[in-house]
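Next comes data_22.txt, with compact mmCIF, C-alpha atoms.
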# COMPACT_ATOMS: atom_id res chain seq x y z
CA MET L 1 227.11 -160.39 -45.34
CA ASN L 2 227.28 -156.60 -45.26
CA ILE L 3 230.68 -155.19 -46.19
CA ARG L 4 229.59 -151.78 -44.87
CA SER L 5 229.76 -153.20 -41.34
CA LEU L 6 233.57 -153.42 -41.56
CA THR L 7 235.57 -150.82 -39.63
CA ARG L 8 238.95 -149.22 -40.29
CA GLY L 9 240.38 -151.60 -37.69
CA ASP L 10 239.20 -154.52 -39.84
CA GLY L 11 241.06 -152.96 -42.75
CA VAL L 12 244.23 -152.88 -40.64
CA VAL L 13 243.66 -156.56 -39.74
CA ILE L 14 243.40 -157.46 -43.43
CA GLY L 15 246.58 -155.49 -44.18
CA ALA L 16 248.45 -157.24 -41.35
CA ALA L 17 247.35 -160.64 -42.70
CA VAL L 18 248.64 -159.75 -46.18
CA LEU L 19 251.97 -158.61 -44.67
CA LEU L 20 252.19 -161.86 -42.70
CA PHE L 21 251.55 -163.85 -45.88
CA ILE L 22 254.41 -162.06 -47.64
CA ALA L 23 256.75 -162.67 -44.68
CA SER L 24 256.07 -166.41 -44.85
CA PHE L 25 257.97 -166.60 -48.18
CA LEU L 26 261.04 -164.70 -46.93
CA ASP L 27 264.06 -166.17 -45.14
CA PHE L 28 263.13 -166.72 -41.51
CA TYR L 29 266.77 -166.95 -40.34
CA SER L 30 270.00 -166.18 -42.17
CA ALA L 31 273.56 -167.42 -41.68
CA THR L 32 276.86 -166.84 -43.45
CA GLY L 33 277.41 -169.47 -46.12
CA LEU L 34 273.99 -171.07 -45.61
CA ASP L 35 270.80 -170.63 -47.62
CA LEU L 36 268.07 -170.99 -45.04
CA PRO L 37 264.56 -171.39 -46.53
CA SER L 38 261.27 -169.71 -45.71
CA ALA L 39 258.81 -170.82 -43.06
CA TRP L 40 257.03 -173.13 -45.52
CA ASP L 41 259.97 -175.58 -45.30
CA THR L 42 258.62 -177.77 -42.50
CA ASP L 43 261.76 -179.94 -42.44
CA ILE L 44 263.62 -177.11 -40.69
CA TYR L 45 260.82 -174.97 -39.21
CA ARG L 46 258.43 -177.54 -37.81
CA LEU L 47 256.70 -175.22 -35.34
CA VAL L 48 257.16 -171.80 -36.94
CA LEU L 49 254.58 -172.29 -39.71
CA PRO L 50 251.64 -173.49 -37.54
CA SER L 51 252.36 -171.43 -34.41
CA ILE L 52 252.97 -168.05 -36.10
CA PHE L 53 251.71 -167.91 -39.66
CA LEU L 54 248.76 -170.30 -39.73
CA THR L 55 247.59 -169.10 -36.33
CA GLY L 56 247.81 -165.49 -37.51
CA PHE L 57 245.87 -166.23 -40.70
CA ILE L 58 243.08 -167.94 -38.75
CA ALA L 59 242.98 -165.09 -36.22
CA ALA L 60 242.60 -162.46 -38.95
CA GLY L 61 239.89 -164.50 -40.66
CA LEU L 62 237.88 -164.88 -37.45
CA LEU L 63 238.15 -161.17 -36.61
CA VAL L 64 236.90 -160.05 -40.03
CA PHE L 65 234.29 -162.80 -40.36
CA SER L 66 232.83 -161.96 -36.94
CA ARG L 67 232.12 -158.42 -38.17
CA LEU L 68 230.22 -159.73 -41.20
CA GLN L 69 228.04 -162.10 -39.15
CA PRO L 70 225.25 -161.38 -36.63
CA GLU L 71 226.51 -160.42 -33.19
CA GLY L 72 225.01 -163.52 -31.56
CA ARG L 73 227.09 -165.99 -33.62
CA LYS L 74 229.32 -168.05 -31.29
CA LEU L 75 231.78 -170.93 -31.48
CA ALA L 76 231.96 -173.31 -28.49
CA GLY L 77 230.15 -170.73 -26.35
CA LEU L 78 232.48 -167.81 -27.20
CA PRO L 79 232.06 -165.06 -29.83
CA LEU L 80 234.15 -165.37 -32.97
CA SER L 81 235.95 -162.12 -32.13
CA ALA L 82 237.08 -163.59 -28.79
CA TRP L 83 238.60 -166.60 -30.55
CA GLY L 84 240.31 -164.31 -33.04
CA THR L 85 241.78 -162.17 -30.24
CA VAL L 86 243.19 -165.20 -28.40
CA LEU L 87 244.79 -166.60 -31.54
CA ALA L 88 246.22 -163.19 -32.52
CA VAL L 89 247.90 -162.81 -29.13
CA SER L 90 249.20 -166.40 -29.36
CA ALA L 91 250.72 -165.74 -32.80
CA ALA L 92 252.39 -162.53 -31.57
CA TRP L 93 253.84 -164.36 -28.55
CA ALA L 94 255.20 -167.17 -30.76
CA ALA L 95 256.76 -164.62 -33.14
CA LEU L 96 258.41 -162.80 -30.23
CA TRP L 97 259.73 -166.08 -28.84
CA SER L 98 261.22 -166.97 -32.24
CA LEU L 99 263.21 -163.71 -32.14
CA ILE L 100 264.51 -164.37 -28.64
CA THR L 101 265.44 -168.04 -29.19
CA SER L 102 267.11 -167.79 -32.60
CA PRO L 103 269.62 -170.60 -33.26
CA SER L 104 273.25 -169.93 -32.36
CA GLY L 105 275.27 -168.71 -35.30
CA ALA L 106 272.16 -167.58 -37.20
CA ASP L 107 270.87 -164.07 -37.67
CA LEU L 108 267.28 -162.93 -37.82
CA GLY L 109 265.88 -162.96 -41.33
CA ALA L 110 263.42 -160.57 -42.89
CA GLY L 111 260.67 -163.14 -42.54
CA SER L 112 260.93 -163.39 -38.76
CA ILE L 113 261.07 -159.60 -38.22
CA ILE L 114 258.15 -158.81 -40.53
CA ALA L 115 256.13 -161.69 -39.07
CA PHE L 116 256.60 -160.30 -35.55
CA LEU L 117 255.52 -156.79 -36.61
CA ALA L 118 252.48 -158.12 -38.48
CA THR L 119 251.30 -160.32 -35.58
CA LEU L 120 251.95 -157.48 -33.12
CA VAL L 121 249.68 -155.16 -35.13
CA LEU L 122 247.12 -157.94 -35.44
CA ALA L 123 247.03 -158.53 -31.68
CA GLY L 124 246.94 -154.80 -30.89
CA VAL L 125 243.95 -154.13 -33.15
CA ALA L 126 242.14 -157.22 -31.84
CA ILE L 127 242.51 -156.04 -28.24
CA ALA L 128 242.06 -152.27 -28.47
CA GLY L 129 240.76 -151.59 -31.99
CA SER L 130 237.18 -150.89 -30.88
CA LYS L 131 238.39 -148.39 -28.23
CA ILE L 132 240.35 -146.19 -30.66
CA PRO L 133 238.07 -143.73 -32.53
CA ALA L 134 240.31 -143.68 -35.60
CA LEU L 135 239.93 -147.47 -35.98
CA ALA L 136 236.29 -147.76 -34.89
CA GLY L 137 234.94 -145.72 -37.84
CA LYS L 138 233.34 -147.27 -40.90
CA LEU L 139 235.71 -148.61 -43.55
CA VAL L 140 233.18 -147.93 -46.32
CA PRO L 141 231.07 -144.83 -45.51
CA GLU L 142 227.37 -144.76 -46.23
CA PRO L 143 226.51 -143.12 -49.56
CA ARG L 144 225.00 -139.66 -49.23
CA PRO L 145 222.43 -139.16 -51.97
CA ALA L 146 222.15 -135.85 -53.77
CA ALA L 147 218.98 -133.77 -53.58
CA VAL L 148 216.45 -134.64 -56.27
CA PRO L 149 214.80 -131.76 -58.16
CA PRO L 150 210.98 -131.69 -58.11
CA TYR L 151 209.26 -133.72 -60.78
CA GLY L 152 208.64 -131.59 -63.85
CA GLY L 153 210.55 -128.62 -62.41
CA GLN L 154 211.54 -125.82 -64.74
CA PRO L 155 214.98 -124.21 -64.95
CA GLN L 156 215.50 -121.14 -62.83
CA PRO L 157 215.27 -117.70 -64.44
CA GLY L 158 218.52 -116.34 -65.77
CA THR L 159 219.70 -119.71 -67.14
CA GLY L 160 218.02 -119.71 -70.55
CA TYR L 161 220.34 -121.22 -73.13
CA GLY L 162 221.18 -118.90 -76.00
CA TYR L 163 219.66 -115.70 -74.56
CA PRO L 164 221.97 -112.86 -73.54
CA GLY L 165 222.02 -112.36 -69.83
CA GLY L 166 219.66 -115.27 -69.35
CA GLN L 167 216.66 -113.33 -70.78
CA GLN L 168 213.74 -115.47 -71.85
CA PRO L 169 211.70 -114.79 -75.03
CA GLN L 170 208.50 -112.77 -74.61
CA PRO L 171 205.11 -114.30 -75.46
CA TYR L 172 203.79 -113.48 -78.92
CA GLY L 173 201.83 -110.23 -78.98
CA SER L 174 203.12 -108.89 -75.65
CA THR L 175 204.81 -105.55 -75.18
CA PRO L 176 208.59 -106.02 -75.00
CA GLN L 177 210.35 -104.58 -71.99
CA PRO L 178 213.02 -101.96 -72.70
CA ALA L 179 216.55 -103.13 -72.10
CA PRO L 180 217.93 -101.49 -68.92
CA PRO L 181 221.27 -99.66 -68.95
CA TYR L 182 224.31 -101.53 -67.75
CA GLY L 183 223.95 -102.14 -64.01
CA GLY L 184 220.39 -100.70 -63.97
CA THR L 185 217.13 -102.28 -62.85
CA PRO L 186 214.61 -103.20 -65.55
CA THR L 187 211.36 -101.20 -65.48
CA PRO L 188 208.26 -103.41 -65.58
CA ALA L 189 205.97 -102.88 -68.54
CA PRO L 190 202.63 -101.25 -67.74
CA GLY L 191 199.87 -103.73 -67.09
CA PRO L 192 196.34 -103.72 -68.46
CA GLN L 193 193.95 -101.03 -67.20
CA ASP L 194 190.23 -101.14 -66.64
CA HIS L 195 187.70 -98.59 -68.08
CA SER L 196 188.27 -96.16 -65.16
CA GLY L 197 191.94 -95.86 -66.01
CA HIS L 198 193.18 -97.69 -62.89
CA GLN L 199 195.34 -100.77 -62.96
CA PRO L 200 193.76 -103.86 -61.33
CA ALA L 201 195.22 -105.23 -58.08
CA PRO L 202 198.06 -107.67 -58.64
CA ALA L 203 197.21 -111.37 -58.39
CA PRO L 204 198.37 -113.12 -55.21
CA ALA L 205 201.71 -114.88 -55.46
CA PRO L 206 201.41 -118.67 -55.92
CA ALA L 207 202.25 -120.90 -52.98
CA ALA L 208 205.84 -122.06 -52.77
CA GLU L 209 206.49 -125.44 -54.42
CA PHE L 210 207.60 -128.29 -52.21
CA THR L 211 211.10 -129.46 -53.07
CA PRO L 212 211.74 -133.17 -52.39
CA PHE L 213 214.71 -133.92 -50.16
CA TRP L 214 216.45 -136.92 -48.62
CA PHE L 215 216.22 -137.51 -44.90
CA ALA L 216 217.04 -140.06 -42.22
CA VAL L 217 215.18 -140.76 -38.97
CA PRO L 218 216.96 -140.89 -35.58
CA VAL L 219 214.96 -143.93 -34.42
CA ALA L 220 212.68 -146.46 -36.10
CA ARG L 221 209.34 -144.87 -37.02
CA PRO L 222 206.21 -146.29 -38.72
CA LEU L 223 205.05 -145.22 -42.16
CA PHE L 224 201.27 -145.20 -42.60
CA GLY L 225 199.27 -145.45 -45.82
CA GLU L 226 198.07 -142.34 -47.60
CA ASP L 227 194.50 -143.57 -47.27
CA GLY L 228 194.56 -142.95 -43.49
CA SER L 229 194.74 -146.62 -42.49
CA PRO L 230 196.00 -147.07 -38.89
CA THR L 231 198.12 -150.08 -39.89
CA PRO L 232 201.71 -149.17 -40.87
CA ILE L 233 202.80 -150.16 -44.36
CA ALA L 234 206.53 -149.96 -43.56
CA GLU L 235 208.99 -148.98 -40.87
CA LEU L 236 211.70 -146.38 -41.45
CA ALA L 237 215.00 -147.53 -39.96
CA PRO L 238 217.77 -145.21 -38.74
CA GLY L 239 220.91 -145.06 -40.89
CA THR L 240 218.92 -145.34 -44.16
CA TRP L 241 218.06 -142.43 -46.45
CA TYR L 242 214.45 -141.91 -47.58
CA LEU L 243 212.93 -139.42 -50.03
CA ALA L 244 210.35 -136.87 -48.87
CA VAL L 245 208.11 -136.26 -51.90
CA ASP L 246 205.41 -134.03 -50.37
CA GLN L 247 204.30 -132.34 -47.17
CA ARG L 248 201.01 -132.40 -45.31
CA GLY L 249 200.94 -129.79 -42.61
CA PRO L 250 203.96 -128.42 -40.75
CA ALA L 251 205.03 -131.75 -39.19
CA THR L 252 203.86 -134.44 -41.63
CA LEU L 253 205.71 -135.73 -44.69
CA ILE L 254 204.87 -138.04 -47.56
CA ALA L 255 207.91 -140.32 -47.69
CA GLN L 256 209.03 -142.87 -50.26
CA THR L 257 211.02 -145.96 -49.31
CA GLN L 258 213.84 -147.42 -51.35
CA ASP L 259 211.52 -150.07 -52.82
CA GLY L 260 209.09 -147.41 -54.09
CA ARG L 261 206.38 -147.54 -51.40
CA ARG L 262 204.85 -144.20 -50.36
CA GLY L 263 203.23 -143.35 -47.07
CA VAL L 264 202.66 -140.73 -44.38
CA LEU L 265 205.31 -140.02 -41.72
CA ASN L 266 203.51 -138.35 -38.83
CA ASP L 267 206.54 -137.88 -36.54
CA THR L 268 209.25 -135.75 -38.21
CA SER L 269 211.00 -134.57 -35.05
CA GLY L 270 214.78 -134.91 -35.08
CA ILE L 271 215.05 -136.03 -38.72
CA GLN L 272 218.36 -135.39 -40.53
CA ARG L 273 218.07 -133.76 -43.95
CA GLY L 274 220.41 -134.89 -46.71
Please, can you express the file's structure as structure tokens?
Amino acid sequence: MNIRSLTRGDGVVIGAAVLLFIASFLDFYSATGLDLPSAWDTDIYRLVLPSIFLTGFIAAGLLVFSRLQPEGRKLAGLPLSAWGTVLAVSAAWAALWSLITSPSGADLGAGSIIAFLATLVLAGVAIAGSKIPALAGKLVPEPRPAAVPPYGGQPQPGTGYGYPGGQQPQPYGSTPQPAPPYGGTPTPAPGPQDHSGHQPAPAPAPAAEFTPFWFAVPVARPLFGEDGSPTPIAELAPGTWYLAVDQRGPATLIAQTQDGRRGVLNDTSGIQRG
């Protein structure tokens, strides 16, 4: 069972079932001078308990359980959600009928009113919950992992602990740079010179380090071994976050799955970065 498959509509169904359970312990009808019991007293309410409350509980259970099971699961040839919808509508109709046909001389109690509202919400979500965007969203959103710094990465300049202005200590034996005036730009120290008195050409800047990042694929894509084998070692599924640990060329990534396997992702088109 995957609790992340539940929607906000399923959360409303669970709330309606809890409200219906509370209503079952309240007075179903009230009358002056009489202490009428709750729906659990079957000597007076022989049909109220099974037709409204028990039917509503079963309907809510089937609606939520159908979301936690594979879509192909059926009962007597019908999906579990279809059974839950039929029972939810039946419970709402029985609750409405109990309001219309209240005994003469008796008033509606809190139990009957709350039971009707709870079953009405239950039936409404069962029928149209998947068509309302506010109810069709995920009840528990997918976790969004934070970006992971590169292995062995060093802190950025300007963040040295204990040095004014983030200045780092100079290597032993080097020429210290003069402190610039407030708001000024530091002047670089003169570099070494050759015998002709000219400074050598500066060394080329090192290549930019690859920073690992999380990503998700739009469709299922194979992950091949780093040894160049044509047989995939895993398949990346949409909706799951994977870690890109290196890059080979402009459109090839070295990806790591959640179980620690690493491989080459040749198709990086349309990926979503975390």
> So what do you get for CA of Phe213 in chain L versus CA of Trp241 in chain L, distance-wise?
Replying inline: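 Computed distance, CA of Phe213 in chain L to CA of Trp241 in chain L, equals 9.9 Å.
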>> Which residue is closest to Val125 in chain L? Choose from L:Thr7, L:Ser30, L:Gln256, L:Ser66 and count all atoms listed in the file.
In response: L:Thr7
>> Neighbouring residues of Ala251 in chain L were defined as those with any atom within 10 Å, considering only C-alpha atoms; residues of the same chain fewer than 3 positions away were excluded. Please report them as a list in words.
In response: Gln247, Arg248, Leu265, Asn266, Asp267, Thr268 and Ser269 of chain L
Pull C-alpha atoms from the residues just selected and write them as a PDB file, in the frame of the given file.
ATOM      1  CA  GLN L 247     204.300-132.340 -47.170  1.00  0.00           C
ATOM      2  CA  ARG L 248     201.010-132.400 -45.310  1.00  0.00           C
ATOM      3  CA  LEU L 265     205.310-140.020 -41.720  1.00  0.00           C
ATOM      4  CA  ASN L 266     203.510-138.350 -38.830  1.00  0.00           C
ATOM      5  CA  ASP L 267     206.540-137.880 -36.540  1.00  0.00           C
ATOM      6  CA  THR L 268     209.250-135.750 -38.210  1.00  0.00           C
ATOM      7  CA  SER L 269     211.000-134.570 -35.050  1.00  0.00           C
TER       8      SER L 269
END
With 4 Å of padding per side, what axis-aligned box (centre and edge lengths, Å, one decimal) covers all the listed atoms of range 96-101 of chain L? Give it as AutoDock Vina command-line options.
--center_x 261.9 --center_y -165.4 --center_z -30.4 --size_x 15.0 --size_y 13.2 --size_z 11.6
> Can you find the residues with an atom no farther than 6 Å from (215.5, -143.0, -37.3), counting all atoms listed in the file, and report them as a PyMOL selection string?
Replying inline: chain L and resi 216-220+237-238
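Reported to one decimal place, the separation of CA of Gly15 in chain L from CA of Ala88 in chain L is 14.0 Å.
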> Counting all atoms listed in the file, what is within 12 Å of Phe25 in chain L, bar same-chain residues fewer than 4 positions away, as a list of chain:residue names?
Replying inline: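 Here the qualifying residues turn out to be L:Val18, L:Leu19, L:Leu20, L:Phe21, L:Tyr29, L:Leu36, L:Pro37, L:Ser38, L:Ala39, L:Trp40, L:Asp41, L:Leu49, L:Phe53, L:Gly109, L:Ala110, L:Gly111, L:Ser112, L:Ile114, L:Ala115.
Checking L:Val12, L:Val86, L:Ala136, L:Ser51 one by one against Ser98 in chain L, counting only C-alpha atoms, you find the shortest gap at L:Ser51.
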> When distances are computed from only C-alpha atoms, which of L:Leu135, L:Ala128, L:Ala94, L:Ile113 shows the smallest separation from Leu47 in chain L?
Replying inline: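 Of L:Leu135, L:Ala128, L:Ala94, L:Ile113, the one nearest Leu47 in chain L, counting only C-alpha atoms, is L:Ala94.
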> CA of Ala106 in chain L to CA of Leu87 in chain L: how many Å, to one decimal?
Replying inline: 28.0 Å
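With all atoms listed in the file as the atoms that count, the minimum distance from Thr85 in chain L to the choices L:Val13, L:Asp107, L:Ser102, L:Trp97 is reached by L:Val13.
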